[in-house]
$ cat my_file.csv   # CSV, C-alpha atoms
chain,number,residue,atom,x,y,z
A,1,MET,CA,89.8,108.8,76.9
A,2,MET,CA,91.2,107.3,80.1
A,3,ALA,CA,94.9,106.7,80.4
A,4,PRO,CA,96.3,103.5,82.0
A,5,LEU,CA,97.3,103.8,85.6
A,6,PHE,CA,101.0,102.8,85.4
A,7,ASP,CA,103.1,102.3,88.5
A,8,PRO,CA,104.0,105.5,90.3
A,9,PRO,CA,106.1,107.5,90.6
A,10,TYR,CA,105.6,109.5,87.4
A,11,VAL,CA,104.8,113.1,86.5
A,12,ALA,CA,101.4,114.6,85.7
A,13,VAL,CA,101.1,117.9,83.9
A,14,ILE,CA,97.7,119.3,84.8
A,15,PHE,CA,96.6,122.0,82.3
A,16,SER,CA,93.3,123.7,82.9
A,17,SER,CA,92.1,126.4,80.6
A,18,GLN,CA,89.2,128.6,79.5
A,19,ARG,CA,88.9,128.9,75.8
A,20,THR,CA,88.1,132.1,73.9
A,21,GLU,CA,85.2,132.2,71.5
A,22,GLY,CA,85.4,130.5,68.1
A,23,ASP,CA,87.7,127.8,66.9
A,24,GLN,CA,90.5,129.8,65.3
A,25,GLY,CA,92.5,126.7,64.4
A,26,TYR,CA,92.4,125.4,67.9
A,27,GLY,CA,90.7,122.0,67.3
A,28,ARG,CA,93.2,121.0,64.6
A,29,MET,CA,96.2,122.1,66.7
A,30,ALA,CA,94.9,120.4,69.8
A,31,GLU,CA,94.7,117.1,67.9
A,32,ARG,CA,98.2,117.6,66.4
A,33,MET,CA,99.6,118.3,69.9
A,34,VAL,CA,98.2,115.0,71.2
A,35,GLU,CA,99.7,113.2,68.2
A,36,LEU,CA,103.1,114.9,68.7
A,37,ALA,CA,103.2,114.5,72.4
A,38,ALA,CA,102.6,110.7,72.0
A,39,GLN,CA,105.8,110.5,69.9
A,40,GLN,CA,108.0,112.1,72.6
A,41,PRO,CA,110.4,110.0,74.8
A,42,GLY,CA,108.9,109.5,78.2
A,43,PHE,CA,105.2,110.1,77.2
A,44,LEU,CA,102.9,107.8,79.1
A,45,GLY,CA,99.4,109.0,78.3
A,46,VAL,CA,96.9,111.9,78.2
A,47,GLU,CA,93.4,112.5,79.4
A,48,SER,CA,91.3,115.5,78.3
A,49,ALA,CA,87.8,116.9,78.8
A,50,ARG,CA,86.3,120.2,77.8
A,51,ASP,CA,82.8,121.3,78.8
A,52,ALA,CA,80.2,123.2,76.8
A,53,GLU,CA,81.3,126.5,78.4
A,54,GLY,CA,84.8,126.1,77.0
A,55,PHE,CA,86.5,125.1,80.3
A,56,GLY,CA,88.8,122.2,79.9
A,57,ILE,CA,91.3,120.1,81.7
A,58,THR,CA,94.1,118.1,80.0
A,59,VAL,CA,96.4,115.9,82.1
A,60,SER,CA,99.4,114.5,80.4
A,61,TYR,CA,101.6,111.8,82.1
A,62,TRP,CA,105.3,111.5,81.7
A,63,LYS,CA,108.1,109.3,82.9
A,64,ASP,CA,110.0,112.1,84.6
A,65,GLU,CA,110.7,115.8,84.7
A,66,ALA,CA,113.3,115.6,82.0
A,67,SER,CA,110.7,114.3,79.5
A,68,VAL,CA,108.3,117.1,80.5
A,69,ALA,CA,111.1,119.7,79.9
A,70,ALA,CA,112.0,118.2,76.6
A,71,TRP,CA,108.3,118.2,75.4
A,72,LYS,CA,108.0,121.9,76.5
A,73,ALA,CA,110.9,122.8,74.3
A,74,VAL,CA,109.7,121.0,71.1
A,75,THR,CA,109.6,123.7,68.4
A,76,GLU,CA,106.1,123.0,67.1
A,77,HIS,CA,104.8,122.8,70.7
A,78,ARG,CA,106.4,126.1,71.5
A,79,ALA,CA,104.5,127.7,68.6
A,80,ALA,CA,101.3,126.2,69.9
A,81,GLN,CA,102.1,127.6,73.4
A,82,ARG,CA,102.4,131.1,71.9
A,83,LEU,CA,99.1,130.8,70.0
A,84,GLY,CA,97.5,129.6,73.2
A,85,ARG,CA,98.6,132.6,75.2
A,86,ASP,CA,97.8,135.1,72.3
A,87,THR,CA,94.6,133.6,70.8
A,88,TRP,CA,93.0,130.5,72.2
A,89,TYR,CA,92.9,130.9,76.0
A,90,GLN,CA,91.3,133.5,78.1
A,91,GLY,CA,93.3,132.0,80.9
A,92,PHE,CA,95.1,128.9,81.9
A,93,ARG,CA,96.7,127.1,84.9
A,94,LEU,CA,99.6,124.7,84.5
A,95,ARG,CA,100.6,122.5,87.4
A,96,VAL,CA,103.4,120.0,87.4
A,97,ALA,CA,103.0,117.2,90.0
A,98,LYS,CA,104.6,114.0,91.0
A,99,VAL,CA,102.0,111.1,91.1
A,100,GLU,CA,102.5,109.1,94.2
A,101,ARG,CA,99.6,106.7,94.3
A,102,VAL,CA,96.9,105.5,92.0
A,103,ASN,CA,93.6,103.7,92.2
A,104,GLY,CA,90.9,102.8,89.7
A,105,MET,CA,88.1,100.7,88.3
A,106,GLY,CA,87.0,99.6,84.8
B,1,MET,CA,85.9,127.1,87.0
B,2,MET,CA,89.6,127.7,87.5
B,3,ALA,CA,91.2,127.3,90.9
B,4,PRO,CA,93.9,129.8,92.1
B,5,LEU,CA,97.5,128.7,91.7
B,6,PHE,CA,98.6,128.8,95.4
B,7,ASP,CA,102.3,128.3,96.3
B,8,PRO,CA,103.5,124.7,96.0
B,9,PRO,CA,103.9,122.2,97.5
B,10,TYR,CA,100.4,121.0,97.8
B,11,VAL,CA,98.4,117.9,96.8
B,12,ALA,CA,96.3,117.3,93.7
B,13,VAL,CA,93.7,114.6,93.5
B,14,ILE,CA,93.2,113.9,89.8
B,15,PHE,CA,89.9,112.0,89.3
B,16,SER,CA,89.0,111.0,85.7
B,17,SER,CA,85.9,109.1,85.0
B,18,GLN,CA,83.5,107.8,82.3
B,19,ARG,CA,79.9,108.2,83.3
B,20,THR,CA,77.2,105.6,82.7
B,21,GLU,CA,74.0,106.6,80.8
B,22,GLY,CA,71.4,108.8,82.5
B,23,ASP,CA,71.7,111.1,85.5
B,24,GLN,CA,70.5,108.7,88.3
B,25,GLY,CA,71.0,111.4,90.9
B,26,TYR,CA,74.6,112.1,89.9
B,27,GLY,CA,74.2,115.8,89.1
B,28,ARG,CA,72.8,116.7,92.5
B,29,MET,CA,75.4,114.5,94.4
B,30,ALA,CA,78.3,116.0,92.4
B,31,GLU,CA,77.2,119.5,93.4
B,32,ARG,CA,76.8,118.4,97.0
B,33,MET,CA,80.3,116.9,97.0
B,34,VAL,CA,81.9,120.1,95.8
B,35,GLU,CA,80.0,122.0,98.5
B,36,LEU,CA,81.0,119.5,101.2
B,37,ALA,CA,84.6,119.3,100.0
B,38,ALA,CA,84.9,123.1,100.3
B,39,GLN,CA,84.0,122.8,104.0
B,40,GLN,CA,86.8,120.4,104.8
B,41,PRO,CA,90.1,121.4,106.5
B,42,GLY,CA,92.9,121.8,104.0
B,43,PHE,CA,90.7,122.2,101.0
B,44,LEU,CA,92.3,124.6,98.5
B,45,GLY,CA,90.1,124.5,95.4
B,46,VAL,CA,88.6,122.3,92.7
B,47,GLU,CA,88.5,122.3,88.9
B,48,SER,CA,86.1,120.1,86.9
B,49,ALA,CA,85.2,119.5,83.2
B,50,ARG,CA,83.0,116.9,81.6
B,51,ASP,CA,82.6,116.5,77.9
B,52,ALA,CA,79.5,115.6,75.8
B,53,GLU,CA,80.5,111.9,75.7
B,54,GLY,CA,80.5,111.7,79.5
B,55,PHE,CA,84.2,111.7,80.1
B,56,GLY,CA,85.2,114.0,82.9
B,57,ILE,CA,88.2,115.2,84.9
B,58,THR,CA,87.9,116.7,88.4
B,59,VAL,CA,91.1,117.9,90.1
B,60,SER,CA,90.8,118.9,93.8
B,61,TYR,CA,93.6,120.6,95.6
B,62,TRP,CA,94.5,120.0,99.2
B,63,LYS,CA,97.0,121.4,101.7
B,64,ASP,CA,98.5,118.0,102.5
B,65,GLU,CA,98.0,114.2,102.4
B,66,ALA,CA,96.3,114.3,105.8
B,67,SER,CA,93.5,116.5,104.5
B,68,VAL,CA,93.1,114.2,101.5
B,69,ALA,CA,92.8,111.2,103.8
B,70,ALA,CA,90.3,113.0,106.1
B,71,TRP,CA,88.1,114.0,103.1
B,72,LYS,CA,88.1,110.4,101.8
B,73,ALA,CA,86.8,109.2,105.1
B,74,VAL,CA,83.9,111.7,105.5
B,75,THR,CA,80.7,109.6,105.8
B,76,GLU,CA,78.6,111.3,103.2
B,77,HIS,CA,81.6,111.2,100.8
B,78,ARG,CA,82.0,107.5,101.4
B,79,ALA,CA,78.4,106.9,100.4
B,80,ALA,CA,79.0,108.9,97.2
B,81,GLN,CA,82.1,106.8,96.5
B,82,ARG,CA,80.0,103.6,96.7
B,83,LEU,CA,77.3,105.0,94.4
B,84,GLY,CA,80.0,106.0,92.0
B,85,ARG,CA,81.5,102.5,91.8
B,86,ASP,CA,78.0,100.8,91.7
B,87,THR,CA,76.0,103.2,89.5
B,88,TRP,CA,77.5,106.4,88.1
B,89,TYR,CA,80.9,105.4,86.6
B,90,GLN,CA,81.7,102.9,83.9
B,91,GLY,CA,85.3,103.4,85.0
B,92,PHE,CA,87.5,105.8,86.8
B,93,ARG,CA,91.1,106.6,87.6
B,94,LEU,CA,92.3,108.3,90.8
B,95,ARG,CA,95.8,109.7,91.1
B,96,VAL,CA,97.2,111.5,94.1
B,97,ALA,CA,100.1,113.8,93.2
B,98,LYS,CA,102.3,116.4,94.8
B,99,VAL,CA,102.2,119.7,93.0
B,100,GLU,CA,105.8,120.9,92.6
B,101,ARG,CA,105.5,123.9,90.3
B,102,VAL,CA,102.8,126.1,88.8
B,103,ASN,CA,102.4,128.6,86.0
B,104,GLY,CA,99.5,130.5,84.5
B,105,MET,CA,97.8,133.4,82.8
B,106,GLY,CA,94.6,135.3,83.3

$ encode --input "my_file.csv" --output "C-alpha coordinates"
Amino acid sequence: MMAPLFDPPYVAVIFSSQRTEGDQGYGRMAERMVELAAQQPGFLGVESARDAEGFGITVSYWKDEASVAAWKAVTEHRAAQRLGRDTWYQGFRLRVAKVERVNGMG
Amino acid sequence: MMAPLFDPPYVAVIFSSQRTEGDQGYGRMAERMVELAAQQPGFLGVESARDAEGFGITVSYWKDEASVAAWKAVTEHRAAQRLGRDTWYQGFRLRVAKVERVNGMG
(Lines of atoms letter the chains of each structure in order from A and count residues from 1; the text may use other names and numbers.)
(Lines give C-alpha, C1' and ligand atoms only; values in the text may rest on other atoms or scores of the structure.)
Protein backbone atom coordinates (compact mmCIF):
# COMPACT_ATOMS: atom_id res chain seq x y z
CA MET A 1 0.00 0.00 0.00
CA MET A 2 1.40 3.34 -1.01
CA ALA A 3 0.52 6.44 0.99
CA PRO A 4 -0.20 9.77 -0.76
CA LEU A 5 2.71 12.20 -0.88
CA PHE A 6 1.12 15.19 0.94
CA ASP A 7 2.93 18.52 1.11
CA PRO A 8 5.91 18.61 3.46
CA PRO A 9 6.80 19.24 6.17
CA TYR A 10 5.33 16.34 8.11
CA VAL A 11 6.71 13.58 10.31
CA ALA A 12 7.69 10.04 9.31
CA VAL A 13 8.03 7.28 11.90
CA ILE A 14 10.29 4.63 10.35
CA PHE A 15 9.93 1.31 12.16
CA SER A 16 12.10 -1.58 10.97
CA SER A 17 11.92 -4.93 12.68
CA GLN A 18 12.92 -8.56 12.59
CA ARG A 19 10.09 -10.89 13.63
CA THR A 20 10.48 -13.92 15.86
CA GLU A 21 9.24 -17.31 14.60
CA GLY A 22 5.49 -18.04 14.51
CA ASP A 23 2.55 -15.68 14.49
CA GLN A 24 1.71 -15.57 18.22
CA GLY A 25 -1.13 -13.13 17.64
CA TYR A 26 1.04 -10.72 15.67
CA GLY A 27 -0.95 -10.61 12.43
CA ARG A 28 -4.23 -9.71 14.10
CA MET A 29 -2.60 -7.06 16.30
CA ALA A 30 -0.71 -5.54 13.36
CA GLU A 31 -4.00 -5.11 11.48
CA ARG A 32 -5.66 -3.66 14.55
CA MET A 33 -2.83 -1.16 15.05
CA VAL A 34 -3.17 0.13 11.48
CA GLU A 35 -6.91 0.50 12.01
CA LEU A 36 -6.39 2.27 15.35
CA ALA A 37 -3.60 4.54 14.07
CA ALA A 38 -5.84 5.66 11.21
CA GLN A 39 -8.36 6.94 13.78
CA GLN A 40 -5.84 9.17 15.57
CA PRO A 41 -5.66 12.95 15.13
CA GLY A 42 -2.84 13.91 12.79
CA PHE A 43 -2.55 10.51 11.09
CA LEU A 44 -1.72 10.96 7.39
CA GLY A 45 -0.99 7.46 6.14
CA VAL A 46 1.08 4.29 6.50
CA GLU A 47 3.20 2.06 4.27
CA SER A 48 4.35 -1.41 5.25
CA ALA A 49 6.30 -4.30 3.73
CA ARG A 50 7.66 -7.49 5.27
CA ASP A 51 9.78 -10.02 3.39
CA ALA A 52 9.76 -13.81 3.53
CA GLU A 53 12.60 -13.78 6.11
CA GLY A 54 10.50 -11.78 8.58
CA PHE A 55 12.28 -8.45 8.11
CA GLY A 56 9.83 -5.60 7.77
CA ILE A 57 9.61 -1.84 7.47
CA THR A 58 6.55 0.19 8.42
CA VAL A 59 6.55 3.93 7.86
CA SER A 60 3.69 5.93 9.34
CA TYR A 61 3.17 9.57 8.48
CA TRP A 62 1.90 12.20 10.88
CA LYS A 63 1.02 15.86 10.85
CA ASP A 64 3.46 16.80 13.60
CA GLU A 65 5.45 15.56 16.62
CA ALA A 66 2.48 16.11 18.93
CA SER A 67 0.37 13.60 17.00
CA VAL A 68 3.25 11.08 17.08
CA ALA A 69 3.56 11.51 20.87
CA ALA A 70 -0.20 11.11 21.36
CA TRP A 71 -0.28 7.92 19.27
CA LYS A 72 2.64 6.47 21.23
CA ALA A 73 0.67 6.98 24.46
CA VAL A 74 -2.62 5.35 23.34
CA THR A 75 -3.30 2.54 25.86
CA GLU A 76 -3.99 -0.22 23.35
CA HIS A 77 -0.90 0.80 21.38
CA ARG A 78 1.23 0.71 24.54
CA ALA A 79 0.09 -2.85 25.19
CA ALA A 80 1.12 -3.77 21.62
CA GLN A 81 4.51 -2.10 22.13
CA ARG A 82 5.11 -4.27 25.20
CA LEU A 83 4.15 -7.44 23.33
CA GLY A 84 6.44 -6.38 20.52
CA ARG A 85 9.43 -6.06 22.81
CA ASP A 86 8.63 -9.25 24.75
CA THR A 87 7.32 -11.59 22.06
CA TRP A 88 7.10 -10.51 18.42
CA TYR A 89 10.41 -8.84 17.63
CA GLN A 90 13.94 -10.17 17.77
CA GLY A 91 14.99 -6.58 17.25
CA PHE A 92 13.70 -3.29 15.99
CA ARG A 93 14.74 0.24 15.06
CA LEU A 94 12.51 3.27 15.41
CA ARG A 95 13.47 6.55 13.77
CA VAL A 96 11.43 9.73 13.90
CA ALA A 97 12.19 12.03 10.99
CA LYS A 98 10.90 15.26 9.49
CA VAL A 99 9.98 14.88 5.81
CA GLU A 100 11.39 17.81 3.88
CA ARG A 101 10.81 16.96 0.23
CA VAL A 102 8.92 14.39 -1.79
CA ASN A 103 8.78 13.00 -5.30
CA GLY A 104 6.91 10.19 -6.97
CA MET A 105 5.24 8.53 -9.91
CA GLY A 106 2.08 6.51 -10.39
CA MET B 1 18.90 -6.31 7.26
CA MET B 2 18.79 -3.77 10.03
CA ALA B 3 21.02 -0.69 9.89
CA PRO B 4 22.75 0.62 13.03
CA LEU B 5 20.99 3.51 14.75
CA PHE B 6 23.80 6.14 14.61
CA ASP B 7 23.43 9.45 16.44
CA PRO B 8 21.00 11.91 14.83
CA PRO B 9 20.75 14.16 12.99
CA TYR B 10 21.20 12.42 9.66
CA VAL B 11 19.13 12.02 6.51
CA ALA B 12 16.76 9.17 5.60
CA VAL B 13 15.68 8.58 2.00
CA ILE B 14 12.43 6.63 2.17
CA PHE B 15 11.70 4.92 -1.14
CA SER B 16 8.47 2.92 -1.41
CA SER B 17 7.54 1.22 -4.66
CA GLN B 18 5.23 -1.20 -6.37
CA ARG B 19 7.04 -3.50 -8.79
CA THR B 20 5.78 -4.46 -12.22
CA GLU B 21 5.47 -8.17 -13.10
CA GLY B 22 8.60 -10.22 -13.83
CA ASP B 23 12.22 -9.56 -12.90
CA GLN B 24 13.44 -7.83 -16.11
CA GLY B 25 16.93 -7.38 -14.65
CA TYR B 26 15.65 -5.76 -11.48
CA GLY B 27 17.14 -8.14 -8.93
CA ARG B 28 20.66 -7.82 -10.23
CA MET B 29 20.43 -4.04 -10.51
CA ALA B 30 18.97 -3.72 -7.00
CA GLU B 31 21.93 -5.64 -5.58
CA ARG B 32 24.35 -3.54 -7.59
CA MET B 33 22.76 -0.30 -6.36
CA VAL B 34 23.17 -1.35 -2.72
CA GLU B 35 26.81 -2.20 -3.40
CA LEU B 36 27.38 1.09 -5.21
CA ALA B 37 25.54 3.20 -2.61
CA ALA B 38 27.70 1.69 0.13
CA GLN B 39 30.80 3.05 -1.65
CA GLN B 40 29.54 6.65 -1.69
CA PRO B 41 30.80 9.35 0.69
CA GLY B 42 28.31 9.92 3.50
CA PHE B 43 26.54 6.56 3.17
CA LEU B 44 25.53 5.27 6.61
CA GLY B 45 23.37 2.22 5.90
CA VAL B 46 20.31 0.80 4.16
CA GLU B 47 17.25 -1.26 5.11
CA SER B 48 14.99 -2.93 2.60
CA ALA B 49 11.92 -5.18 2.58
CA ARG B 50 9.63 -6.27 -0.24
CA ASP B 51 6.51 -8.36 0.24
CA ALA B 52 5.07 -11.17 -1.87
CA GLU B 53 2.78 -8.71 -3.71
CA GLY B 54 5.74 -6.67 -4.97
CA PHE B 55 5.34 -3.73 -2.62
CA GLY B 56 8.65 -2.69 -1.11
CA ILE B 57 10.25 -0.07 1.09
CA THR B 58 13.94 0.80 1.02
CA VAL B 59 15.31 3.34 3.46
CA SER B 60 18.86 4.54 2.94
CA TYR B 61 20.63 6.65 5.53
CA TRP B 62 23.08 9.44 4.74
CA LYS B 63 25.30 11.85 6.61
CA ASP B 64 23.73 14.94 5.07
CA GLU B 65 21.79 16.36 2.12
CA ALA B 66 24.97 16.86 0.10
CA SER B 67 25.73 13.14 0.16
CA VAL B 68 22.13 12.39 -0.92
CA ALA B 69 22.44 14.82 -3.84
CA ALA B 70 25.79 13.34 -4.88
CA TRP B 71 24.39 9.79 -4.82
CA LYS B 72 21.39 10.84 -6.89
CA ALA B 73 23.77 12.16 -9.58
CA VAL B 74 26.03 9.07 -9.88
CA THR B 75 25.88 8.03 -13.55
CA GLU B 76 25.15 4.35 -12.97
CA HIS B 77 22.50 5.26 -10.43
CA ARG B 78 20.87 7.68 -12.89
CA ALA B 79 20.61 4.88 -15.44
CA ALA B 80 18.91 2.70 -12.81
CA GLN B 81 16.49 5.53 -11.97
CA ARG B 82 15.47 5.73 -15.62
CA LEU B 83 14.93 1.96 -15.83
CA GLY B 84 12.91 2.16 -12.63
CA ARG B 85 10.55 4.76 -14.07
CA ASP B 86 10.30 3.06 -17.46
CA THR B 87 10.28 -0.63 -16.59
CA TRP B 88 10.47 -1.81 -12.97
CA TYR B 89 7.98 0.29 -11.05
CA GLN B 90 4.26 0.70 -11.47
CA GLY B 91 4.61 3.55 -9.02
CA PHE B 92 6.92 4.89 -6.35
CA ARG B 93 7.20 7.47 -3.59
CA LEU B 94 10.45 9.11 -2.54
CA ARG B 95 10.64 11.09 0.67
CA VAL B 96 13.74 12.80 2.00
CA ALA B 97 13.60 13.30 5.75
CA LYS B 98 15.84 14.46 8.57
CA VAL B 99 16.11 11.87 11.36
CA GLU B 100 15.73 13.62 14.69
CA ARG B 101 15.52 10.80 17.24
CA VAL B 102 16.03 7.08 17.37
CA ASN B 103 15.23 4.13 19.58
CA GLY B 104 15.67 0.39 19.31
CA MET B 105 16.22 -3.05 20.71
CA GLY B 106 18.35 -6.05 19.73

$ closest_atom_pairs --input "my_file.csv" --of "chain A" --to "chain B" --cutoff "9 Å" --atoms "all atoms listed in the file" --output "tab-separated table"
residue	atom	partner	partner_atom	distance
A:Met1	CA	B:Phe55	CA	7.1
A:Met2	CA	B:Ser16	CA	7.1
A:Ala3	CA	B:Arg93	CA	8.1
A:Pro4	CA	B:Arg93	CA	8.2
A:Leu5	CA	B:Arg93	CA	7.1
A:Val11	CA	B:Ala97	CA	8.2
A:Ala12	CA	B:Ala97	CA	7.7
A:Ile14	CA	B:Val59	CA	8.6
A:Ser16	CA	B:Met2	CA	7.1
A:Ser17	CA	B:Met2	CA	7.5
A:Gln18	CA	B:Met2	CA	8.1
A:Glu47	CA	B:Ser16	CA	7.8
A:Ser48	CA	B:Ile57	CA	7.3
A:Ala49	CA	B:Asp51	CA	5.3
A:Arg50	CA	B:Asp51	CA	5.2
A:Asp51	CA	B:Asp51	CA	4.9
A:Ala52	CA	B:Asp51	CA	7.2
A:Phe55	CA	B:Ala49	CA	6.4
A:Gly56	CA	B:Ala49	CA	5.6
A:Ile57	CA	B:Ala49	CA	6.3
A:Thr58	CA	B:Ile57	CA	8.2
A:Val59	CA	B:Ile14	CA	8.6
A:Arg85	CA	B:Met105	CA	7.7
A:Tyr89	CA	B:Gly106	CA	8.7
A:Gln90	CA	B:Gly106	CA	6.4
A:Gly91	CA	B:Gly106	CA	4.3
A:Phe92	CA	B:Met105	CA	5.3
A:Arg93	CA	B:Gly104	CA	4.4
A:Leu94	CA	B:Asn103	CA	5.0
A:Arg95	CA	B:Val102	CA	4.4
A:Val96	CA	B:Arg101	CA	5.3
A:Ala97	CA	B:Val99	CA	4.0
A:Lys98	CA	B:Ala97	CA	5.0
A:Val99	CA	B:Ala97	CA	3.9
A:Glu100	CA	B:Ala97	CA	5.4
A:Arg101	CA	B:Val96	CA	5.4
A:Val102	CA	B:Arg95	CA	4.4
A:Asn103	CA	B:Leu94	CA	5.0
A:Gly104	CA	B:Arg93	CA	4.3
A:Met105	CA	B:Gly91	CA	5.1
A:Gly106	CA	B:Gly91	CA	4.2

$ atom_distance --input "my_file.csv" --atom1 "CA of Val46 in chain A" --atom2 "CA of Tyr61 in chain A"
6.1 Å

$ atom_distance --input "my_file.csv" --atom1 "CA of Ala70 in chain A" --atom2 "CA of Pro41 in chain A"
8.5 Å

$ atom_distance --input "my_file.csv" --atom1 "CA of Ser60 in chain B" --atom2 "CA of Ala80 in chain B"
15.8 Å

$ closest_residue --input "my_file.csv" --among "B:Gln40, B:Gln24, B:Trp88, B:Ala30" --to "Ala73 in chain B" --atoms "only C-alpha atoms"
B:Gln40

$ closest_residue --input "my_file.csv" --among "B:Thr20, B:Gly84, B:Asp7, B:Ala38" --to "Ser67 in chain B" --atoms "all atoms listed in the file"
B:Ala38

$ closest_residue --input "my_file.csv" --among "B:His77, B:Lys63, B:Thr87, B:Val68" --to "Glu31 in chain B" --atoms "all atoms listed in the file"
B:His77
